[in-house]
file input-v5.txt (compact mmCIF, C-alpha atoms)
# COMPACT_ATOMS: atom_id res chain seq x y z
CA MET A 16 -0.98 4.64 9.48
CA LYS A 17 2.48 3.98 10.90
CA LYS A 18 3.53 7.54 11.69
CA ILE A 19 6.02 9.51 9.64
CA HIS A 20 6.28 13.24 10.25
CA SER A 21 4.16 15.57 8.15
CA ASP A 22 7.02 17.29 6.29
CA LEU A 23 8.39 13.93 5.14
CA GLN A 24 4.93 12.79 4.07
CA LYS A 25 4.52 15.91 1.93
CA LYS A 26 7.87 15.28 0.24
CA ILE A 27 6.92 11.67 -0.47
CA GLU A 28 3.51 12.67 -1.83
CA ARG A 29 5.16 15.00 -4.33
CA VAL A 30 6.69 11.86 -5.85
CA ILE A 31 3.97 9.22 -5.54
CA GLY A 32 0.69 11.11 -4.96
CA SER A 33 -1.65 11.24 -2.00
CA ILE A 34 -0.91 8.56 0.63
CA SER A 35 -3.79 6.41 1.89
CA GLU A 36 -1.96 3.80 3.95
CA ILE A 37 1.46 3.15 5.48
CA SER A 38 2.45 -0.18 7.07
CA LEU A 39 5.68 -1.72 8.32
CA LEU A 40 6.77 -4.81 6.43
CA GLU A 41 6.89 -8.05 8.40
CA GLU A 42 10.42 -8.72 7.14
CA GLN A 43 12.73 -5.93 8.31
CA GLY A 44 16.46 -5.62 7.64
CA CYS A 45 19.15 -4.72 10.16
CA THR A 46 20.16 -1.42 8.59
CA SER A 47 16.88 0.38 7.90
CA ILE A 48 13.14 0.61 8.51
CA VAL A 49 11.04 -0.62 5.59
CA ARG A 50 7.45 0.45 4.96
CA ARG A 51 4.84 -0.30 2.33
CA ILE A 52 3.01 2.80 1.15
CA LYS A 53 -0.29 2.85 -0.74
CA SER A 54 -0.95 6.02 -2.69
CA SER A 55 -3.18 7.34 -5.43
CA LYS A 56 -0.61 6.12 -7.96
CA GLY A 57 -0.04 2.59 -6.62
CA ASN A 58 2.08 0.69 -4.09
CA TYR A 59 5.59 1.71 -3.13
CA LEU A 60 8.35 0.81 -0.71
CA LEU A 61 9.91 3.38 1.61
CA LYS A 62 13.27 2.45 3.07
CA SER A 63 14.63 4.74 5.82
CA ALA A 64 18.02 4.88 7.56
CA SER A 65 19.08 7.01 10.53
CA SER A 66 22.71 6.15 11.40
CA LYS A 67 25.44 7.83 9.33
CA LYS A 68 26.87 4.50 8.17
CA TYR A 69 23.54 3.16 6.95
CA GLN A 70 22.56 6.50 5.41
CA THR A 71 25.67 6.21 3.26
CA TRP A 72 24.64 2.70 2.23
CA LEU A 73 21.10 3.81 1.43
CA LYS A 74 22.30 6.70 -0.71
CA ALA A 75 24.55 4.29 -2.60
CA GLU A 76 21.55 2.00 -3.15
CA ALA A 77 19.50 4.89 -4.53
CA LEU A 78 22.22 5.83 -7.03
CA ILE A 79 22.64 2.21 -8.12
CA LEU A 80 18.91 1.62 -8.58
CA GLU A 81 18.57 4.80 -10.61
CA LYS A 82 21.40 3.74 -12.91
CA ARG A 83 20.23 0.13 -13.17
CA ASN A 84 16.71 1.27 -14.11
CA GLN A 85 18.14 3.35 -16.95
CA GLU A 86 20.07 0.37 -18.30
CA ASN A 87 17.21 -2.10 -17.71
CA LEU A 88 19.63 -5.04 -17.59
CA LEU A 89 18.97 -6.41 -14.10
CA ARG A 90 16.03 -7.55 -12.02
CA VAL A 91 15.94 -4.93 -9.26
CA PRO A 92 13.23 -2.64 -7.82
CA ARG A 93 12.37 0.56 -9.70
CA TYR A 94 13.75 3.81 -8.30
CA TYR A 95 11.35 6.72 -7.69
CA GLY A 96 13.11 9.13 -5.39
CA PHE A 97 15.54 9.84 -2.56
CA ILE A 98 14.97 12.27 0.31
CA GLU A 99 17.74 13.50 2.61
CA GLU A 100 16.88 15.06 5.96
CA GLN A 101 18.89 16.16 8.99
CA ASP A 102 18.13 13.03 10.99
CA GLY A 103 17.98 10.43 8.21
CA CYS A 104 17.36 9.62 4.60
CA HIS A 105 14.64 7.82 2.68
CA LEU A 106 14.56 5.82 -0.55
CA ILE A 107 11.30 5.46 -2.51
CA MET A 108 11.12 2.45 -4.82
CA SER A 109 8.61 0.08 -6.33
CA PHE A 110 6.88 -2.41 -4.07
CA GLU A 111 7.71 -5.88 -5.39
CA GLU A 112 5.53 -8.87 -4.60
CA GLY A 113 7.35 -11.82 -3.09
CA ILE A 114 9.13 -13.04 0.02
CA THR A 115 12.80 -13.52 0.74
CA LEU A 116 14.50 -16.78 -0.13
CA THR A 117 15.25 -17.24 3.59
CA THR A 118 11.53 -17.29 4.37
CA SER A 119 10.69 -19.36 1.30
CA LEU A 120 13.11 -22.09 2.36
CA LYS A 121 11.58 -22.14 5.86
CA ASN A 122 8.09 -22.43 4.36
CA ALA A 123 8.94 -24.99 1.68
CA ALA A 124 6.68 -28.05 1.76
CA SER A 125 9.36 -30.51 0.69
CA LYS A 126 13.06 -31.03 0.21
CA SER A 127 12.60 -31.03 -3.56
CA GLU A 128 10.98 -27.59 -3.34
CA GLU A 129 13.93 -26.30 -1.31
CA MET A 130 16.36 -27.63 -3.89
CA GLU A 131 14.37 -26.07 -6.72
CA LEU A 132 14.48 -22.69 -4.98
CA ILE A 133 18.21 -22.96 -4.38
CA MET A 134 18.86 -23.89 -8.01
CA SER A 135 16.91 -20.83 -9.20
CA PHE A 136 19.00 -18.69 -6.85
CA GLY A 137 22.10 -20.03 -8.57
CA GLN A 138 20.62 -19.24 -11.97
CA LEU A 139 19.86 -15.62 -11.04
CA LEU A 140 23.36 -15.08 -9.64
CA ASP A 141 24.90 -16.71 -12.71
CA GLN A 142 23.03 -14.22 -14.91
CA LEU A 143 24.31 -11.33 -12.79
CA HIS A 144 27.94 -12.39 -13.04
CA ARG A 145 27.65 -12.74 -16.83
CA THR A 146 26.03 -9.32 -17.30
CA ASN A 147 28.04 -6.96 -19.46
CA THR A 148 28.11 -3.52 -17.87
CA ASP A 149 30.59 -0.84 -16.86
CA VAL A 150 29.01 -0.16 -13.45
CA HIS A 151 31.44 1.26 -10.88
CA GLN A 152 34.54 0.04 -12.65
CA ASP A 153 37.47 1.22 -10.55
CA LYS A 154 41.16 1.42 -11.27
CA ASN A 155 41.71 -0.19 -7.87
CA ALA A 156 40.93 -3.87 -7.30
CA TRP A 157 37.60 -4.31 -5.51
CA LEU A 158 39.11 -6.49 -2.78
CA ASP A 159 41.74 -3.87 -1.93
CA VAL A 160 39.01 -1.24 -1.67
CA GLN A 161 36.97 -3.47 0.66
CA LEU A 162 39.94 -4.16 2.90
CA LYS A 163 40.52 -0.41 3.16
CA ARG A 164 36.87 0.15 4.07
CA ALA A 165 37.09 -2.65 6.62
CA GLU A 166 40.00 -0.90 8.33
CA GLY A 167 37.89 2.21 8.75
CA TYR A 168 35.01 0.21 10.24
CA VAL A 169 37.37 -1.49 12.73
CA LYS A 170 38.77 1.84 13.89
CA LEU A 171 35.26 3.20 14.41
CA GLY A 172 34.04 0.03 16.14
CA GLN A 173 31.37 -0.47 13.47
CA CYS A 174 31.88 -4.15 12.65
CA ASP A 175 32.42 -7.60 14.17
CA GLY A 176 35.84 -8.09 12.57
CA THR A 177 39.09 -7.37 14.41
CA MET A 178 42.32 -5.73 13.33
CA GLU A 179 44.07 -9.11 13.76
CA LEU A 180 41.66 -10.76 11.33
CA LEU A 181 42.04 -7.86 8.90
CA GLU A 182 45.83 -8.17 8.90
CA LEU A 183 45.47 -11.90 8.20
CA LEU A 184 43.15 -11.20 5.26
CA LYS A 185 45.60 -8.67 3.85
CA SER A 186 48.46 -11.17 4.03
CA LYS A 187 46.48 -14.16 2.66
CA LYS A 188 44.64 -12.60 -0.28
CA PRO A 189 43.48 -15.22 -2.80
CA LEU A 190 44.73 -15.11 -6.36
CA PRO A 191 42.81 -12.47 -8.33
CA VAL A 192 40.00 -13.44 -10.71
CA LYS A 193 38.22 -11.52 -13.44
CA GLN A 194 35.96 -8.94 -11.84
CA THR A 195 32.26 -8.95 -12.72
CA LEU A 196 29.15 -7.11 -11.73
CA ILE A 197 28.36 -8.31 -8.19
CA HIS A 198 25.51 -7.80 -5.75
CA GLY A 199 27.82 -7.22 -2.77
CA ASP A 200 25.60 -8.79 -0.08
CA CYS A 201 24.11 -11.76 -1.86
CA THR A 202 22.59 -13.71 1.02
CA THR A 203 19.26 -15.54 0.96
CA ASP A 204 17.79 -12.46 2.73
CA ASN A 205 18.49 -10.23 -0.26
CA VAL A 206 16.65 -11.97 -3.08
CA LEU A 207 12.88 -12.25 -3.53
CA VAL A 208 10.93 -15.36 -4.49
CA SER A 209 7.73 -15.33 -6.53
CA GLY A 210 6.05 -18.41 -7.99
CA ARG A 211 8.70 -20.74 -6.51
CA LYS A 212 11.47 -18.93 -8.41
CA VAL A 213 14.11 -16.49 -7.19
CA LYS A 214 13.39 -13.52 -9.43
CA LEU A 215 14.70 -10.27 -7.97
CA PHE A 216 17.69 -8.75 -6.16
CA ILE A 217 17.01 -6.35 -3.29
CA ASP A 218 19.29 -4.34 -0.95
CA VAL A 219 21.76 -3.50 -3.71
CA SER A 220 23.86 -0.82 -1.97
CA GLY A 221 27.00 -2.93 -2.45
CA MET A 222 26.44 -3.61 -6.16
CA ALA A 223 29.70 -2.91 -7.96
CA TYR A 224 32.29 -4.23 -10.35
CA GLY A 225 34.06 -6.69 -8.05
CA ASP A 226 35.07 -10.21 -7.05
CA PRO A 227 32.27 -12.69 -7.85
CA ARG A 228 33.55 -15.09 -5.20
CA TYR A 229 32.22 -12.78 -2.50
CA ASP A 230 28.68 -13.13 -3.86
CA GLU A 231 29.16 -16.86 -4.28
CA ALA A 232 30.33 -17.34 -0.69
CA LEU A 233 27.43 -15.39 0.79
CA ALA A 234 24.93 -17.15 -1.47
CA ILE A 235 25.89 -20.62 -0.21
CA ARG A 236 26.75 -19.73 3.41
CA SER A 237 23.46 -21.03 4.89
CA PHE A 238 23.84 -24.47 3.25
CA PHE A 239 27.59 -24.73 2.73
CA ARG A 240 27.82 -28.01 4.67
CA ASN A 241 24.82 -29.57 2.91
CA GLU A 242 26.26 -31.16 -0.24
CA GLU A 243 22.85 -31.84 -1.83
CA TYR A 244 21.72 -28.25 -1.49
CA LYS A 245 25.08 -26.93 -2.55
CA ASN A 246 24.99 -29.13 -5.65
CA SER A 247 21.51 -27.77 -6.43
CA PHE A 248 22.92 -24.25 -6.29
CA TYR A 249 25.69 -25.18 -8.71
CA GLU A 250 23.20 -26.70 -11.12
CA GLY A 251 22.05 -23.13 -11.60
CA TYR A 252 25.30 -21.27 -10.95
CA LYS A 253 27.89 -22.44 -13.47
CA TYR A 254 30.16 -19.40 -13.52
CA HIS A 255 32.59 -20.75 -10.91
CA ARG A 256 32.81 -23.29 -8.09
CA MET A 257 34.76 -22.01 -5.12
CA SER A 258 37.20 -23.96 -2.98
CA PRO A 259 36.72 -24.36 0.79
CA GLU A 260 39.65 -21.98 1.29
CA GLU A 261 37.99 -19.30 -0.84
CA PHE A 262 34.74 -19.73 1.07
CA ILE A 263 36.49 -19.29 4.42
CA TYR A 264 38.31 -16.17 3.19
CA PHE A 265 35.20 -14.39 1.94
CA ASN A 266 32.51 -15.68 4.31
CA ASP A 267 34.33 -16.26 7.60
CA GLY A 268 36.80 -13.47 6.93
CA LEU A 269 35.81 -10.50 4.80
CA TYR A 270 32.09 -10.63 5.63
CA GLU A 271 32.88 -10.09 9.33
CA PHE A 272 33.54 -6.45 8.49
CA PHE A 273 30.31 -5.76 6.59
call {"tool": "encode", "arguments": {"input": "input-v5.txt", "output": "structure tokens"}}
result
Amino acid sequence: MKKIHSDLQKKIERVIGSISEISLLEEQGCTSIVRRIKSSKGNYLLKSASSKKYQTWLKAEALILEKRNQENLLRVPRYYGFIEEQDGCHLIMSFEEGITLTTSLKNAASKSEEMELIMSFGQLLDQLHRTNTDVHQDKNAWLDVQLKRAEGYVKLGQCDGTMELLELLKSKKPLPVKQTLIHGDCTTDNVLVSGRKVKLFIDVSGMAYGDPRYDEALAIRSFFRNEEYKNSFYEGYKYHRMSPEEFIYFNDGLYEFF
């Protein structure tokens, strides 16, 4: 077993039963440690964060998963529990079979398979942006909230973005669009593929009622300059097609802070 301390194990076992095996996942994120846990009740995922910033993100993800499971509108992991400790916090959720789209594209046997995967990614994101829900609706515009958060991260030295870039983003905000339910970090790392289809969103701490162009920009960032692949994405994603200027604002600009 990959060690976790005994008190934490007891707390986890109260939720999922006696643990027989713990293993680190091959694909790890940048903000947390992710483990697969086998117990008497089945297979689960344990996601753990230690830094204050990432603990806040993980707690947000727990709350979102719990609410999303109640509504049963979206394809996301099932929430089972959240444990807060002095030196970190831990989210227990369902273990979902599949690999990230990033890995699937690397492993694809042909160009046509890559394009099929990318199109299914577009389809899943299109469904998200058309979902009717009241999640996290805020009287303040999502972009204004993000710019405020970005300022805090700059002051604390917790991001790659600079104050100069932030001031530019504040002065060059794009025209507003209708806000929708968004993932909030919709890269190819944060969706799972099963059976050559993109079927599930993961890492949903940023899911909110916000600007769909942010999702769109992050979704196409790895193939933005490949017109064939980008066109495959837009065969599936028909909600909007962003301009180069919008892409630069959200991908090269706003994402630098998150």
call {"tool": "atom_distance", "arguments": {"input": "input-v5.txt", "atom1": "atom CA of A:Ile27", "atom2": "atom CA of A:Glu42"}}
result
22.0 Å
call {"tool": "atom_distance", "arguments": {"input": "input-v5.txt", "atom1": "atom CA of A:Val213", "atom2": "atom CA of A:Leu116"}}
result
7.1 Å
call {"tool": "closest_residue", "arguments": {"input": "input-v5.txt", "among": "A:Lys214, A:His105, A:Lys170, A:His20", "to": "A:Ser135", "atoms": "all atoms listed in the file"}}
result
A:Lys214
call {"tool": "closest_residue", "arguments": {"input": "input-v5.txt", "among": "A:Val160, A:Leu171, A:Ile107, A:Ile133", "to": "A:Glu250", "atoms": "only C-alpha atoms"}}
result
A:Ile133
call {"tool": "atom_distance", "arguments": {"input": "input-v5.txt", "atom1": "atom CA of A:Asp102", "atom2": "atom CA of A:Ser65"}}
result
6.1 Å
call {"tool": "closest_residue", "arguments": {"input": "input-v5.txt", "among": "A:Arg93, A:His198, A:Lys82, A:Lys62", "to": "A:His144", "atoms": "all atoms listed in the file"}}
result
A:His198
call {"tool": "residues_near_point", "arguments": {"input": "input-v5.txt", "point": "(14.0, -15.8, -9.0)", "cutoff": "12 Å", "atoms": "all atoms listed in the file", "output": "ChimeraX atom specification"}}
result
/A:89-91,112-116,119,131-143,203,205-217,251
call {"tool": "closest_residue", "arguments": {"input": "input-v5.txt", "among": "A:Glu261, A:Glu99, A:Glu129, A:Glu179", "to": "A:Lys245", "atoms": "all atoms listed in the file"}}
result
A:Glu129
call {"tool": "residues_around", "arguments": {"input": "input-v5.txt", "residues": "A:Leu73", "least_positions_apart": "3", "cutoff": "7 Å", "atoms": "only C-alpha atoms", "output": "count of residues only"}}
result
6
call {"tool": "axis_aligned_box", "arguments": {"input": "input-v5.txt", "around": "stretch 210-214 of chain A", "padding_each_side": "5 Å", "output": "AutoDock Vina command-line options"}}
result
--center_x 10.1 --center_y -17.1 --center_z -8.0 --size_x 18.1 --size_y 17.2 --size_z 12.9
call {"tool": "closest_residue", "arguments": {"input": "input-v5.txt", "among": "A:Gln24, A:Thr146, A:Thr71, A:Asn58", "to": "A:Met108", "atoms": "all atoms listed in the file"}}
result
A:Asn58
call {"tool": "closest_residue", "arguments": {"input": "input-v5.txt", "among": "A:Thr202, A:Gln161, A:Gln43, A:Thr117", "to": "A:Val219", "atoms": "only C-alpha atoms"}}
result
A:Thr202
call {"tool": "residues_around", "arguments": {"input": "input-v5.txt", "residues": "A:Gly176", "least_positions_apart": "6", "cutoff": "9 Å", "atoms": "all atoms listed in the file", "output": "number ranges by chain"}}
result
A: 165, 168-169, 268-273
call {"tool": "residues_around", "arguments": {"input": "input-v5.txt", "residues": "A:Arg50", "least_positions_apart": "5", "cutoff": "7 Å", "atoms": "only C-alpha atoms", "output": "list in words"}}
result
Ile37, Ser38, Leu39, Leu40, Leu60, Leu61 and Lys62 of chain A
call {"tool": "residues_around", "arguments": {"input": "input-v5.txt", "residues": "stretch 189-197 of chain A", "least_positions_apart": "6", "cutoff": "6 Å", "atoms": "all atoms listed in the file", "output": "VMD selection string"}}
result
chain A and resid 144 222 to 227
call {"tool": "residues_around", "arguments": {"input": "input-v5.txt", "residues": "A:Cys201", "least_positions_apart": "3", "cutoff": "6 Å", "atoms": "all atoms listed in the file", "output": "list in words"}}
result
His198, Asp230, Leu233 and Ala234 of chain A
call {"tool": "write_last_selection", "arguments": {"input": "input-v5.txt", "atoms": "C-alpha atoms", "output": "PDB file, keeping the file's coordinate frame"}}
result
ATOM      1  CA  HIS A 198      25.510  -7.800  -5.750  1.00  0.00           C
ATOM      2  CA  ASP A 230      28.680 -13.130  -3.860  1.00  0.00           C
ATOM      3  CA  LEU A 233      27.430 -15.390   0.790  1.00  0.00           C
ATOM      4  CA  ALA A 234      24.930 -17.150  -1.470  1.00  0.00           C
TER       5      ALA A 234
END
